[in-house]
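Asks: The following file, upload-v5.cif, comprises mmCIF, C-alpha atoms:
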data_my_file
loop_
_atom_site.label_atom_id
_atom_site.label_comp_id
_atom_site.auth_asym_id
_atom_site.auth_seq_id
_atom_site.Cartn_x
_atom_site.Cartn_y
_atom_site.Cartn_z
CA MET U 30 17.38 20.12 4.13
CA SER U 31 16.05 19.73 0.60
CA CYS U 32 12.75 21.42 -0.16
CA LYS U 33 10.19 20.61 -2.79
CA CYS U 34 7.81 23.38 -1.84
CA PHE U 35 7.82 25.26 -5.18
CA ILE U 36 5.45 24.30 -7.96
CA ILE U 37 7.93 25.35 -10.67
CA PRO U 38 11.45 23.99 -10.04
CA GLN U 39 14.36 26.43 -10.00
CA ASP U 40 16.08 24.80 -12.97
CA VAL U 41 12.97 25.24 -15.11
CA LEU U 42 12.79 28.95 -14.28
CA ASP U 43 16.49 29.36 -15.07
CA ARG U 44 16.13 27.51 -18.35
CA PHE U 45 13.24 29.67 -19.53
CA ALA U 46 15.09 32.81 -18.43
CA ALA U 47 17.90 31.87 -20.82
CA ASP U 48 15.76 30.53 -23.69
CA PRO U 49 16.67 32.53 -26.85
CA GLU U 50 13.41 31.54 -28.52
CA LEU U 51 11.39 33.53 -25.97
CA SER U 52 10.83 37.26 -26.18
CA ASP U 53 12.90 39.63 -24.05
CA ALA U 54 9.86 40.47 -21.95
CA ILE U 55 9.05 36.83 -21.21
CA ARG U 56 12.71 36.00 -20.47
CA GLN U 57 12.91 39.01 -18.13
CA ASN U 58 9.82 37.81 -16.29
CA PHE U 59 11.31 34.32 -15.77
CA HIS U 60 14.58 35.91 -14.67
CA HIS U 61 12.70 37.89 -12.00
CA SER U 62 10.75 34.82 -10.88
CA ALA U 63 13.95 32.76 -10.66
CA ALA U 64 15.67 35.45 -8.60
CA ILE U 65 12.75 35.74 -6.16
CA SER U 66 12.40 31.95 -5.87
CA ARG U 67 16.10 31.60 -5.12
CA GLU U 68 15.87 34.11 -2.25
CA VAL U 69 12.67 32.62 -0.82
CA ARG U 70 14.26 29.16 -0.82
CA ALA U 71 17.32 30.56 0.97
CA LEU U 72 15.02 32.24 3.49
CA ARG U 73 13.18 28.98 4.15
CA GLU U 74 16.41 27.05 4.63
CA GLN U 75 17.75 29.73 6.97
CA ASN U 76 14.54 29.53 8.97
CA ALA U 77 15.00 25.80 9.31
CA ARG U 78 18.59 26.32 10.50
CA LEU U 79 17.39 28.93 12.99
CA THR U 80 14.82 26.53 14.41
CA LEU U 81 17.38 23.77 14.81
CA THR U 82 19.83 26.12 16.49
CA ALA U 83 17.20 27.50 18.85
CA ILE U 84 16.16 24.13 20.18
CA SER U 85 19.79 23.17 20.76
CA LEU U 86 20.62 26.20 22.89
CA PRO U 87 20.31 26.05 26.68
CA PHE U 88 17.78 28.86 26.88
CA PRO U 89 15.64 28.39 29.94
CA VAL U 90 12.11 27.40 29.04
CA PRO U 91 9.52 29.02 31.27
CA PRO U 92 7.43 26.26 32.80
CA ILE U 93 3.82 26.04 31.80
CA PRO U 94 1.77 26.05 34.97
CA LEU U 95 0.50 22.53 35.41
CA PRO U 96 -3.01 21.90 36.59
CA VAL U 97 -3.38 19.79 39.68
CA PRO U 98 -3.68 16.91 39.29
CA HIS U 99 -1.51 16.52 36.16
CA VAL U 100 -3.42 16.34 32.88
CA LEU U 101 -1.96 14.24 30.12
CA PRO U 102 -1.02 16.09 26.93
CA VAL U 103 -3.47 16.20 24.07
CA GLY U 104 -3.20 13.20 21.78
CA GLN U 105 -4.17 13.45 18.13
CA VAL U 106 -4.49 10.71 15.54
CA PHE U 107 -4.60 11.21 11.78
CA ASP U 108 -5.62 8.69 9.13
CA CYS U 109 -3.44 8.60 6.00
CA HIS U 110 -5.93 6.29 4.21
CA THR U 111 -2.96 4.39 2.68
CA GLY U 112 -1.51 7.58 1.24
CA MET U 113 1.97 8.85 2.15
CA THR U 114 1.22 12.51 2.79
CA LEU U 115 1.46 13.49 6.42
CA PRO U 116 -0.25 14.00 8.67
CA GLY U 117 -3.40 12.76 6.91
CA THR U 118 -7.00 13.40 7.95
CA ALA U 119 -7.69 14.21 11.60
CA VAL U 120 -9.82 11.60 13.38
CA ALA U 121 -12.41 12.94 15.80
CA ASN U 122 -12.52 11.18 19.18
CA PRO U 123 -9.78 8.66 18.32
CA GLY U 124 -10.01 7.05 21.75
CA SER U 125 -13.46 5.70 20.92
CA SER U 126 -12.89 5.03 17.23
CA ALA U 127 -14.35 1.95 15.60
CA ASP U 128 -11.02 1.65 13.80
CA ALA U 129 -8.92 -0.49 16.12
CA THR U 130 -5.66 0.90 14.72
CA VAL U 131 -6.72 4.48 15.39
CA LYS U 132 -7.93 3.60 18.87
CA ARG U 133 -4.71 1.76 19.71
CA ALA U 134 -2.50 4.58 18.45
CA TYR U 135 -4.40 7.05 20.62
CA ASN U 136 -4.62 4.93 23.74
CA GLU U 137 -0.98 3.92 23.59
CA GLU U 138 0.39 7.41 22.91
CA GLU U 139 -1.53 8.61 25.96
CA SER U 140 -0.22 5.64 27.90
CA VAL U 141 3.37 6.51 26.96
CA ALA U 142 2.71 10.05 28.15
CA LYS U 143 1.44 8.60 31.46
CA PHE U 144 4.52 6.34 31.64
CA TYR U 145 6.86 9.29 31.32
CA TRP U 146 4.89 11.38 33.82
CA ASP U 147 4.30 8.70 36.46
CA LEU U 148 7.83 7.29 36.39
CA PHE U 149 10.01 10.24 35.38
CA HIS U 150 7.83 13.30 35.96
CA ARG U 151 8.24 14.26 32.33
CA ASP U 152 5.38 16.21 30.80
CA SER U 153 5.07 14.79 27.27
CA ILE U 154 7.85 14.34 24.70
CA ASP U 155 9.38 17.78 25.12
CA GLY U 156 8.85 18.07 28.86
CA ASN U 157 6.52 20.96 28.13
CA HIS U 158 3.09 19.42 27.48
CA MET U 159 3.61 18.99 23.72
CA THR U 160 0.64 17.60 21.80
CA LEU U 161 1.24 14.04 20.63
CA ILE U 162 0.57 13.34 16.98
CA SER U 163 0.28 9.92 15.36
CA SER U 164 -0.58 9.08 11.77
CA VAL U 165 -1.84 5.60 10.98
CA HIS U 166 -2.65 3.62 7.81
CA TYR U 167 0.41 5.20 6.21
CA GLY U 168 1.15 3.79 2.76
CA VAL U 169 -0.12 0.54 1.27
CA LYS U 170 0.80 -2.44 3.48
CA TYR U 171 3.68 -0.31 4.68
CA ASN U 172 6.19 -2.29 6.75
CA ASN U 173 7.56 0.30 9.10
CA ALA U 174 6.96 2.99 11.69
CA PHE U 175 9.02 6.12 12.27
CA TRP U 176 9.43 9.42 14.05
CA ASN U 177 9.93 12.23 11.52
CA GLY U 178 11.03 14.93 13.92
CA ALA U 179 7.50 16.10 14.71
CA GLN U 180 5.20 13.08 14.88
CA MET U 181 4.89 9.32 14.83
CA THR U 182 3.84 7.42 11.73
CA TYR U 183 2.66 3.79 11.57
CA GLY U 184 2.17 1.42 8.66
CA ASP U 185 -0.38 -1.39 8.61
CA GLY U 186 2.25 -4.01 7.77
CA ASP U 187 1.81 -6.38 4.85
CA GLY U 188 0.16 -9.02 7.03
CA GLN U 189 2.90 -11.46 6.02
CA VAL U 190 6.28 -10.30 7.34
CA PHE U 191 4.83 -7.75 9.72
CA ALA U 192 1.49 -7.12 11.35
CA ASP U 193 -0.05 -3.71 12.08
CA PHE U 194 2.73 -1.69 13.74
CA THR U 195 0.37 -0.21 16.35
CA LEU U 196 0.02 -3.72 17.81
CA GLY U 197 3.44 -3.33 19.42
CA ASP U 198 3.41 -1.18 22.54
CA ASP U 199 7.21 -1.25 22.39
CA VAL U 200 6.94 0.17 18.87
CA ILE U 201 4.95 3.14 20.14
CA GLY U 202 7.21 3.61 23.15
CA HIS U 203 10.27 3.38 20.87
CA GLU U 204 9.05 5.99 18.42
CA LEU U 205 7.90 8.48 21.06
CA THR U 206 11.25 8.15 22.80
CA HIS U 207 12.98 9.40 19.64
CA GLY U 208 11.05 12.57 20.33
CA VAL U 209 12.23 12.63 23.94
CA THR U 210 15.84 12.21 22.76
CA GLN U 211 15.41 14.95 20.16
CA HIS U 212 14.25 17.35 22.89
CA SER U 213 16.92 16.42 25.41
CA LEU U 214 20.24 14.76 24.55
CA GLY U 215 19.73 15.64 20.87
CA LEU U 216 21.74 12.67 19.58
CA ASN U 217 22.49 12.50 15.87
CA TYR U 218 21.40 9.49 13.84
CA SER U 219 24.92 8.56 12.76
CA GLY U 220 28.08 7.29 14.37
CA GLU U 221 28.06 5.98 17.93
CA ALA U 222 25.54 8.69 18.80
CA GLY U 223 23.14 7.07 16.34
CA GLY U 224 23.55 3.72 18.05
CA LEU U 225 22.86 5.38 21.40
CA ASN U 226 19.81 7.10 19.93
CA GLU U 227 18.40 3.80 18.71
CA SER U 228 19.29 2.07 21.96
CA LEU U 229 17.54 4.65 24.11
CA SER U 230 14.39 4.12 22.06
CA ASP U 231 14.64 0.35 22.50
CA VAL U 232 15.42 0.78 26.21
CA PHE U 233 12.45 3.01 26.98
CA GLY U 234 10.25 1.17 24.48
CA SER U 235 10.92 -2.10 26.26
CA MET U 236 10.59 -0.44 29.66
CA PHE U 237 7.18 0.92 28.61
CA ARG U 238 6.12 -2.55 27.51
CA GLN U 239 7.26 -4.01 30.85
CA TRP U 240 5.45 -1.22 32.73
CA GLU U 241 2.19 -1.94 30.91
CA LYS U 242 2.54 -5.62 31.81
CA ASN U 243 3.91 -4.89 35.30
CA GLN U 244 6.85 -7.17 34.65
CA THR U 245 10.10 -7.23 36.57
CA ALA U 246 13.41 -7.23 34.72
CA ALA U 247 13.63 -10.96 35.36
CA GLN U 248 10.14 -11.62 33.97
CA ALA U 249 10.55 -9.50 30.83
CA ASP U 250 11.46 -11.16 27.52
CA TRP U 251 13.46 -8.10 26.38
CA LEU U 252 12.35 -8.73 22.81
CA ILE U 253 11.77 -5.77 20.48
CA GLY U 254 8.93 -6.12 17.98
CA ALA U 255 7.64 -9.49 19.19
CA ASP U 256 4.01 -8.40 18.80
CA ILE U 257 4.32 -7.30 15.18
CA MET U 258 5.81 -10.49 13.73
CA GLY U 259 3.66 -11.64 10.80
CA PRO U 260 2.90 -15.29 9.95
CA VAL U 261 5.70 -15.52 7.39
CA SER U 262 8.26 -14.28 9.90
CA LYS U 263 7.00 -16.68 12.55
CA GLN U 264 6.98 -19.55 10.09
CA LYS U 265 10.67 -18.96 9.41
CA GLY U 266 11.36 -19.09 13.14
CA TYR U 267 11.79 -15.38 13.83
CA THR U 268 10.42 -14.24 17.17
CA CYS U 269 11.36 -10.57 17.20
CA LEU U 270 13.12 -7.76 15.39
CA ARG U 271 15.88 -7.42 18.01
CA ASN U 272 16.73 -9.13 21.32
CA MET U 273 18.10 -6.80 23.96
CA ALA U 274 19.14 -9.64 26.27
CA ASN U 275 20.85 -11.58 23.49
CA PRO U 276 21.66 -9.24 20.61
CA LYS U 277 23.14 -12.06 18.50
CA ASP U 278 19.93 -14.09 18.79
CA THR U 279 19.48 -16.06 15.55
CA HIS U 280 15.71 -15.85 16.02
CA ALA U 281 15.92 -12.06 15.64
CA LEU U 282 15.22 -10.57 12.22
CA ALA U 283 18.12 -8.20 12.76
CA PRO U 284 20.87 -9.73 14.96
CA GLN U 285 23.30 -7.28 16.49
CA PRO U 286 26.77 -7.28 18.06
CA ASP U 287 26.96 -7.85 21.83
CA HIS U 288 30.40 -6.35 22.36
CA TYR U 289 31.85 -2.96 21.57
CA TYR U 290 34.65 -2.54 19.05
CA PRO U 291 36.26 0.56 17.52
CA GLY U 292 34.54 1.39 14.28
CA ILE U 293 31.16 0.16 15.42
CA GLY U 294 29.94 3.70 14.97
CA ASN U 295 30.51 3.39 11.23
CA LEU U 296 27.67 0.92 11.01
CA ASP U 297 23.90 1.35 10.96
CA PRO U 298 22.60 2.65 14.31
CA HIS U 299 20.06 -0.20 14.41
CA TYR U 300 23.04 -2.56 14.42
CA SER U 301 25.37 -0.84 16.87
CA SER U 302 22.52 -0.28 19.36
CA GLY U 303 22.88 -3.92 20.39
CA VAL U 304 25.82 -3.05 22.67
CA PRO U 305 24.14 -0.39 24.86
CA ASN U 306 20.90 -2.41 24.74
CA LEU U 307 22.65 -5.35 26.36
CA ALA U 308 24.30 -3.09 28.94
CA PHE U 309 20.93 -1.76 30.09
CA THR U 310 19.43 -5.23 30.18
CA LYS U 311 22.30 -6.63 32.25
CA ALA U 312 22.23 -3.69 34.67
CA SER U 313 18.45 -4.01 35.13
CA LYS U 314 18.57 -7.75 35.75
CA GLN U 315 21.44 -7.51 38.20
CA ILE U 316 19.78 -4.69 40.15
CA GLY U 317 16.50 -6.61 40.20
CA GLY U 318 12.94 -5.39 40.59
CA HIS U 319 11.39 -3.37 37.79
CA SER U 320 13.72 -1.92 35.16
CA TRP U 321 12.31 1.57 35.62
CA GLU U 322 12.95 1.75 39.35
CA LYS U 323 16.70 2.28 39.34
CA ALA U 324 18.41 1.47 36.03
CA GLY U 325 15.64 3.32 34.18
CA GLN U 326 16.03 6.35 36.46
CA ILE U 327 19.78 6.41 35.80
CA TRP U 328 19.34 6.10 32.04
CA TYR U 329 16.61 8.77 32.08
CA LYS U 330 18.83 11.19 33.97
CA ALA U 331 21.70 10.46 31.57
CA LEU U 332 19.35 11.21 28.68
CA THR U 333 17.72 14.37 29.98
CA GLY U 334 19.84 15.85 32.74
CA PHE U 335 22.72 17.49 30.87
CA GLY U 336 21.55 19.20 27.70
CA PRO U 337 22.28 18.30 24.06
CA SER U 338 25.30 16.22 23.11
CA PRO U 339 24.68 15.31 19.45
CA ASN U 340 27.92 13.38 18.93
CA MET U 341 28.13 11.59 22.25
CA THR U 342 30.14 8.37 22.18
CA MET U 343 29.10 5.12 23.81
CA SER U 344 32.06 5.41 26.17
CA GLN U 345 30.92 8.86 27.29
CA PHE U 346 27.37 7.64 27.88
CA ALA U 347 28.64 4.66 29.84
CA ALA U 348 30.79 6.96 31.99
CA ARG U 349 27.81 9.21 32.65
CA THR U 350 25.63 6.32 33.83
CA ARG U 351 28.44 4.99 36.01
CA SER U 352 28.78 8.41 37.64
CA LEU U 353 25.03 8.77 38.09
CA SER U 354 24.72 5.31 39.63
CA THR U 355 26.90 6.59 42.47
CA SER U 356 25.49 10.09 42.81
CA MET U 357 21.84 9.00 42.60
CA TYR U 358 22.24 6.00 44.92
CA PRO U 359 25.13 6.94 47.25
CA ASN U 360 24.04 4.49 49.95
CA ASP U 361 23.76 1.46 47.71
CA ALA U 362 27.07 0.43 46.15
CA SER U 363 25.40 -2.53 44.47
CA ILE U 364 23.74 -0.19 41.97
CA HIS U 365 27.09 1.15 40.79
CA THR U 366 28.47 -2.39 40.71
CA ALA U 367 25.60 -3.52 38.47
CA VAL U 368 25.95 -0.61 36.05
CA ASP U 369 29.73 -0.80 35.98
CA SER U 370 29.84 -4.55 35.40
CA ALA U 371 27.16 -4.31 32.71
CA TRP U 372 29.20 -1.87 30.66
CA THR U 373 32.41 -3.81 31.29
CA ALA U 374 30.72 -6.96 30.01
CA VAL U 375 29.97 -5.28 26.67
CA GLY U 376 33.46 -3.91 26.31
CA LEU U 377 32.98 -0.34 27.53
CA MET F 7 20.76 6.67 -17.08
CA SER F 8 20.45 3.27 -15.47
CA ASP F 9 17.71 1.95 -13.25
CA VAL F 10 17.31 3.68 -9.91
CA THR F 11 17.43 1.44 -6.87
CA ILE F 12 15.89 2.56 -3.62
CA GLU F 13 16.53 1.18 -0.15
CA GLU F 14 14.48 2.11 2.90
CA VAL F 15 16.74 2.84 5.84
CA GLY F 16 15.91 3.14 9.51
CA GLY F 17 12.56 3.59 11.15
CA PHE F 18 11.52 1.01 13.73
CA VAL F 19 12.51 -1.92 11.51
CA GLY F 20 15.99 -0.71 10.54
CA ALA F 21 16.27 -3.04 7.55
CA GLY F 22 19.57 -3.74 5.82
CA THR F 23 21.88 -4.14 8.83
CA PRO F 24 24.89 -6.48 8.53
CA GLY F 25 23.66 -10.03 8.94
CA GLY F 26 20.07 -8.85 9.07
CA HIS F 27 17.41 -11.00 7.44
CA ILE F 28 15.06 -8.26 6.39
CA HIS F 29 15.48 -6.05 3.34
CA MET F 30 13.36 -3.23 1.98
CA ARG F 31 14.41 -2.43 -1.58
CA GLY F 32 13.00 -1.52 -4.94
CA THR F 33 14.10 -0.78 -8.49
CA VAL F 34 12.58 1.49 -11.09
CA THR F 35 13.69 1.81 -14.69
CA TRP F 36 14.70 5.35 -15.59
CA SER F 37 12.52 5.32 -18.69
CA SER F 38 9.41 4.44 -16.68
CA LEU F 39 9.71 7.55 -14.51
CA SER F 40 7.76 10.61 -15.56
CA GLU F 41 9.69 13.67 -16.68
CA GLY F 42 8.82 15.35 -13.41
CA ASP F 43 9.99 12.41 -11.34
CA ARG F 44 13.25 12.20 -13.30
CA ALA F 45 13.83 15.91 -12.69
CA ALA F 46 13.12 15.40 -8.98
CA VAL F 47 15.60 12.51 -8.81
CA ASP F 48 18.18 14.58 -10.74
CA ARG F 49 17.77 17.39 -8.19
CA LEU F 50 18.28 14.97 -5.31
CA PHE F 51 21.49 13.64 -6.84
CA ALA F 52 22.71 17.15 -7.65
CA ALA F 53 22.03 18.44 -4.13
CA LYS F 54 23.54 15.45 -2.27
CA THR F 55 22.04 16.91 0.91
CA PRO F 56 23.24 15.05 4.02
CA VAL F 57 20.43 13.41 5.96
CA ASN F 58 20.37 13.22 9.74
CA ALA F 59 17.11 11.43 10.40
CA ASN F 60 15.65 8.35 12.00
CA HIS F 61 14.15 7.26 8.69
CA TYR F 62 15.23 7.98 5.12
CA TYR F 63 15.86 6.43 1.70
CA ARG F 64 19.10 5.55 -0.09
CA LEU F 65 19.04 5.93 -3.88
CA THR F 66 21.61 4.52 -6.30
CA ARG F 67 21.92 4.98 -10.04
CA THR F 68 24.60 4.65 -12.70
CA GLY F 69 25.14 7.40 -15.22
CA PRO F 70 27.94 9.00 -17.27
CA LYS F 71 29.80 9.75 -14.04
CA GLY F 72 29.55 6.16 -12.85
CA ALA F 73 27.62 4.82 -9.90
CA GLU F 74 26.24 7.38 -7.48
CA THR F 75 24.50 6.89 -4.16
CA ILE F 76 22.70 9.51 -2.10
CA ASP F 77 20.48 9.63 0.95
CA ALA F 78 17.09 11.31 0.61
CA ALA F 79 14.83 12.56 3.38
CA ASP F 80 11.20 11.59 3.82
CA GLY F 81 8.96 13.67 1.63
CA THR F 82 11.56 14.23 -1.11
CA VAL F 83 11.38 10.90 -2.95
CA PRO F 84 8.88 10.55 -5.82
CA ALA F 85 5.92 8.29 -5.06
CA ALA F 86 6.75 6.02 -8.00
CA LEU F 87 10.04 5.11 -6.35
CA LEU F 88 8.47 4.62 -2.93
CA ALA F 89 5.85 2.34 -4.42
CA SER F 90 8.56 0.01 -5.75
CA VAL F 91 9.90 -0.86 -2.28
CA ARG F 92 9.29 -4.48 -1.31
CA THR F 93 10.04 -6.26 1.93
CA THR F 94 11.89 -9.55 1.68
CA LEU F 95 13.10 -12.06 4.26
CA ASP F 96 16.02 -14.37 3.92
#
Please express the file's structure as structure tokens.
Replies:
Amino acid sequence: MSCKCFIIPQDVLDRFAADPELSDAIRQNFHHSAAISREVRALREQNARLTLTAISLPFPVPPIPLPVPHVLPVGQVFDCHTGMTLPGTAVANPGSSADATVKRAYNEEESVAKFYWDLFHRDSIDGNHMTLISSVHYGVKYNNAFWNGAQMTYGDGDGQVFADFTLGDDVIGHELTHGVTQHSLGLNYSGEAGGLNESLSDVFGSMFRQWEKNQTAAQADWLIGADIMGPVSKQKGYTCLRNMANPKDTHALAPQPDHYYPGIGNLDPHYSSGVPNLAFTKASKQIGGHSWEKAGQIWYKALTGFGPSPNMTMSQFAARTRSLSTSMYPNDASIHTAVDSAWTAVGL
Amino acid sequence: MSDVTIEEVGGFVGAGTPGGHIHMRGTVTWSSLSEGDRAAVDRLFAAKTPVNANHYYRLTRTGPKGAETIDAADGTVPAALLASVRTTLD
């Protein structure tokens, strides 16, 4: 992890320490500063490695006693005021803010927390009542949203290609789910694991959107990013960023493959995610009802029930869901049939 | 040193996928960068630190050693480069 936390860069200190035009005393001072800086940087990097290792180990986490009834985790919203330094300025009472973007970010992050609790009994992103943090108005007309490992960040969009990213409840569900994945399956962002990581965010992001609209799998449009399409995108005929039900959709800004092939893991995770996205969609539709009732439960268990697997392959994930479809629903063979045929249809 | 091109990778949008219609790229001339920003970019290219993140930037430049491309994490790229990124549709 590169660090730019020192005011004076290391190479500047080293250069002055070796500058023959400076006095011995001054050079000695720079030499000492360079030596100390080098060790402090190493200490900081080691600390970062320690943190990453700690959260990957299966140490039991003592449960925080939950109040009865369950209280949603604290949600915070910060305003970046078009700057790009996170988290920005804390907004007091974001749920009643006059700023619609702030209010949406707060209300929807709390709604995602409720989604995970009500449907999966998961207490916030980490399963341990973690405070939710969102930063809005990031950058100038910034056309993206992302999870940075600790918080969500949303741009306002340029108003042409994209609208305000907080307008998409699937956007918010998608980003928060990256946090869930980080604290459970721990998938990397490269290879087939990266495609699974992106897919799980689309899966639960879409599921969240369907839950808010109380849609069945048959009623859902399975489009990702439909609510953030700007006028220019719509004018050109684009209806979404990705289409889970039809990954190759030509109306999607970013069409994806709909069938697995060896080497797919070498491509961008936002591309390869089309395959597992379609598998979930097919399984949900074939099972019927709401996507979160059975297929969502299987996918959630596959995501959170077995500890970290950073380099998991799509084949391994498919096998896990097939196995779970039987163990979780032993008296209903149709569930396994739906999951099995869905993966078979996409080549896994 | 040649111009530095920057490409935004990942995040919700995931621009730049094969066959994708959305691109988020920018270019900055080396001479227009401040001395501090040039030093920061030099450090990024020297470190070549692997990035394992949902969202990051890909920088490319051509120098005495030929064309080089690196990935840079959020928070490490100079603001002048970030400000050059533009979204285009095809």
Asks: What lies within 12 Å of range 51-56 of chain F using only C-alpha atoms, ignoring chain neighbours under 3 positions off, as a compact mmCIF listing (two decimals) with C-alpha atoms, in the coordinates of the input?
Replies:
# COMPACT_ATOMS: atom_id res chain seq x y z
CA MET U 30 17.38 20.12 4.13
CA SER U 31 16.05 19.73 0.60
CA CYS U 32 12.75 21.42 -0.16
CA ASP U 40 16.08 24.80 -12.97
CA TYR U 218 21.40 9.49 13.84
CA SER U 219 24.92 8.56 12.76
CA VAL F 10 17.31 3.68 -9.91
CA ARG F 44 13.25 12.20 -13.30
CA ALA F 45 13.83 15.91 -12.69
CA ALA F 46 13.12 15.40 -8.98
CA VAL F 47 15.60 12.51 -8.81
CA ASP F 48 18.18 14.58 -10.74
CA ALA F 59 17.11 11.43 10.40
CA TYR F 62 15.23 7.98 5.12
CA TYR F 63 15.86 6.43 1.70
CA ARG F 64 19.10 5.55 -0.09
CA LEU F 65 19.04 5.93 -3.88
CA THR F 66 21.61 4.52 -6.30
CA ARG F 67 21.92 4.98 -10.04
CA THR F 68 24.60 4.65 -12.70
CA GLY F 69 25.14 7.40 -15.22
CA LYS F 71 29.80 9.75 -14.04
CA ALA F 73 27.62 4.82 -9.90
CA GLU F 74 26.24 7.38 -7.48
CA THR F 75 24.50 6.89 -4.16
CA ILE F 76 22.70 9.51 -2.10
CA ASP F 77 20.48 9.63 0.95
CA ALA F 78 17.09 11.31 0.61
CA ALA F 79 14.83 12.56 3.38
CA THR F 82 11.56 14.23 -1.11
CA VAL F 83 11.38 10.90 -2.95
Asks: Would you mind telling me which residue in F:Ser90, F:Thr33, F:Thr23, F:Asn60 lies nearest to Ser8 in chain F when using all atoms listed in the file?
Replies: F:Thr33
Asks: Find the residues near Ala134 in chain U: any atom within 10 Å, counting all atoms listed in the file, skip ones fewer than 5 places away on the same chain, and give them as a list of chain:residue names.
Replies: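 Close residues of Ala134 in chain U: U:Gly104, U:Gln105, U:Val106, U:Phe107, U:Pro123, U:Gly124, U:Ala129, U:Glu139, U:Ser140, U:Ile162, U:Ser163, U:Ser164, U:Val165, U:Met181, U:Thr182, U:Tyr183, U:Phe194, U:Thr195, U:Leu196, U:Gly197, U:Asp198, U:Ile201.
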Asks: Counting all atoms listed in the file, figure out which residue out of F:Arg92, F:Asp9, F:Pro70, F:Leu50 gets nearest to Gly32 in chain F.
Replies: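 Looking at the shortest contact to Gly32 in chain F, the residue is F:Arg92.
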Asks: Set the cut-off to 6 Å and count all atoms listed in the file: what are the residues of chain F that reach chain U? Output as an mmCIF file with C-alpha atoms, keeping the file's coordinate frame.
Replies:
data_model
loop_
_atom_site.group_PDB
_atom_site.id
_atom_site.type_symbol
_atom_site.label_atom_id
_atom_site.label_comp_id
_atom_site.auth_asym_id
_atom_site.auth_seq_id
_atom_site.Cartn_x
_atom_site.Cartn_y
_atom_site.Cartn_z
ATOM 1 C CA GLY F 17 12.560 3.590 11.150
ATOM 2 C CA PHE F 18 11.520 1.010 13.730
ATOM 3 C CA VAL F 19 12.510 -1.920 11.510
ATOM 4 C CA GLY F 20 15.990 -0.710 10.540
ATOM 5 C CA THR F 23 21.880 -4.140 8.830
ATOM 6 C CA GLY F 26 20.070 -8.850 9.070
ATOM 7 C CA HIS F 27 17.410 -11.000 7.440
ATOM 8 C CA ASN F 58 20.370 13.220 9.740
ATOM 9 C CA ALA F 59 17.110 11.430 10.400
#
Asks: Name every residue that the PyMOL selection byres ((chain F and resi 29) around 7) selects in this structure, writing the answer as a list in words with chains first and numbers rising.
Replies: Ala21, Gly22, His27, Ile28, Met30, Arg31, Thr93, Thr94 and Leu95 of chain F
Asks: How about saving the chosen residues, C-alpha atoms kept, as a short mmCIF file (atom, residue, chain, number, x, y, z; two decimals), in the coordinates of the input?
Replies:
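Final output, result_25.cif:
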data_model
loop_
_atom_site.label_atom_id
_atom_site.label_comp_id
_atom_site.auth_asym_id
_atom_site.auth_seq_id
_atom_site.Cartn_x
_atom_site.Cartn_y
_atom_site.Cartn_z
CA ALA F 21 16.27 -3.04 7.55
CA GLY F 22 19.57 -3.74 5.82
CA HIS F 27 17.41 -11.00 7.44
CA ILE F 28 15.06 -8.26 6.39
CA MET F 30 13.36 -3.23 1.98
CA ARG F 31 14.41 -2.43 -1.58
CA THR F 93 10.04 -6.26 1.93
CA THR F 94 11.89 -9.55 1.68
CA LEU F 95 13.10 -12.06 4.26
#
Asks: Name the residues captured by the PyMOL selection byres ((chain U and resi 363) around 12) when it is applied to the shown file; answer as an mmCIF file with C-alpha atoms, keeping the file's coordinate frame.
Replies:
data_model
loop_
_atom_site.group_PDB
_atom_site.id
_atom_site.type_symbol
_atom_site.label_atom_id
_atom_site.label_comp_id
_atom_site.auth_asym_id
_atom_site.auth_seq_id
_atom_site.Cartn_x
_atom_site.Cartn_y
_atom_site.Cartn_z
ATOM 1 C CA ALA U 312 22.230 -3.690 34.670
ATOM 2 C CA SER U 313 18.450 -4.010 35.130
ATOM 3 C CA GLN U 315 21.440 -7.510 38.200
ATOM 4 C CA ILE U 316 19.780 -4.690 40.150
ATOM 5 C CA GLY U 317 16.500 -6.610 40.200
ATOM 6 C CA LYS U 323 16.700 2.280 39.340
ATOM 7 C CA ALA U 324 18.410 1.470 36.030
ATOM 8 C CA ARG U 351 28.440 4.990 36.010
ATOM 9 C CA SER U 354 24.720 5.310 39.630
ATOM 10 C CA THR U 355 26.900 6.590 42.470
ATOM 11 C CA TYR U 358 22.240 6.000 44.920
ATOM 12 C CA PRO U 359 25.130 6.940 47.250
ATOM 13 C CA ASN U 360 24.040 4.490 49.950
ATOM 14 C CA ASP U 361 23.760 1.460 47.710
ATOM 15 C CA ALA U 362 27.070 0.430 46.150
ATOM 16 C CA ILE U 364 23.740 -0.190 41.970
ATOM 17 C CA HIS U 365 27.090 1.150 40.790
ATOM 18 C CA THR U 366 28.470 -2.390 40.710
ATOM 19 C CA ALA U 367 25.600 -3.520 38.470
ATOM 20 C CA VAL U 368 25.950 -0.610 36.050
ATOM 21 C CA ASP U 369 29.730 -0.800 35.980
ATOM 22 C CA SER U 370 29.840 -4.550 35.400
#
Asks: Env of Phe144 in chain U: 8 Å cut, atoms = all atoms listed in the file, seq-sep filter 5 positions within chain, self excluded. Answer as a list in words.
Replies: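 Residues meeting the cut-off are Phe149, Phe237 and Trp240 of chain U.
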Asks: Tell me which of U:Pro260, U:Ser228, U:Asn272, U:Ser302 sits closest to Trp328 in chain U, counting only C-alpha atoms.
Replies: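 Residue with the minimum atom-to-atom distance to Trp328 in chain U: U:Ser228.
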Asks: Rounded to one decimal place, report the CA of Val209 in chain U-CA of Trp146 in chain U distance in Å.
Replies: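 About the pair CA of Val209 in chain U and CA of Trp146 in chain U: they are 12.4 Å apart.
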